[in-house]
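**Student:** I have a structure here, written as structure tokens, and I will follow up with some questions on it.
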Amino acid sequence: MKDPLFINKSKIAFIGECMIELCGSPFKTQQQHFGGNTLAAEVIQHKGAITPKSDTKFVIKLMSNIYDK
């Protein structure tokens with residue numbers, strides 16, 4: 001028998017940026033955090049605050065830029 005909580009489950013994909021924030025002194029130990037509006041919306045949705053009974057995914061493309069060098 002199927003779980004009634006997952007019947008008619010919506011599938012939602014969030015497409016956007018996710019910032020990596022580095023906190024700490026340069027050239028010393030730093031903590032890494034993630035942030036951004038798209039990621040925040042996905043986390044809220046994943047917790048069921050916007051649309052209950054949904055399967056959420058976060059889609060992002062990793063790229064390099066001139067600042068990576």
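Here, A, B, ... name the chains of the structure tokens in the order displayed, residue numbers run from 1 inside each chain, and ligands are numbered from 1 in the same displayed order.
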Quick one: everything within 10 Å of A:Lys57, counting only C-alpha atoms, minus sequence neighbours fewer than 4 positions away in the same chain. Send it as a list in words.
**Tutor:**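 That gives Lys11, Ile12, Ala13, Phe14, Ile15, Glu42, Val43, Gln45 and His46 of chain A.
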**Student:** Quick one: residues within 6 Å of stretch 33-41 of chain A, only C-alpha atoms, excluding same-chain residues fewer than 4 positions away - as a list in words?
**Tutor:** Gly16, Cys18, Met19, Ile20 and Glu21 of chain A
**Student:** Using only C-alpha atoms, which residues sit within 7 Å of A:Ser10 once same-chain residues fewer than 3 positions away are excluded, as an NGL selection string?
**Tutor:** :A and (53-55)
**Student:** Export, as a compact mmCIF listing (two decimals), in the first residue's frame, the selected residues with C-alpha atoms.
**Tutor:**
# COMPACT_ATOMS: atom_id res chain seq x y z
CA LYS A 53 3.76 16.94 -0.10
CA SER A 54 6.30 17.94 -2.70
CA ASP A 55 9.58 16.49 -3.93
**Student:** Using atom CA of A:Lys9 and atom CA of A:Lys47 as the two end points, give the distance in Å to one decimal.
**Tutor:** 13.9 Å
**Student:** One decimal, in Å: what's the spacing between atom CA of A:Ile60 and atom CA of A:Glu17?
**Tutor:**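 Rounded to one decimal, the two atoms are 6.5 Å apart.
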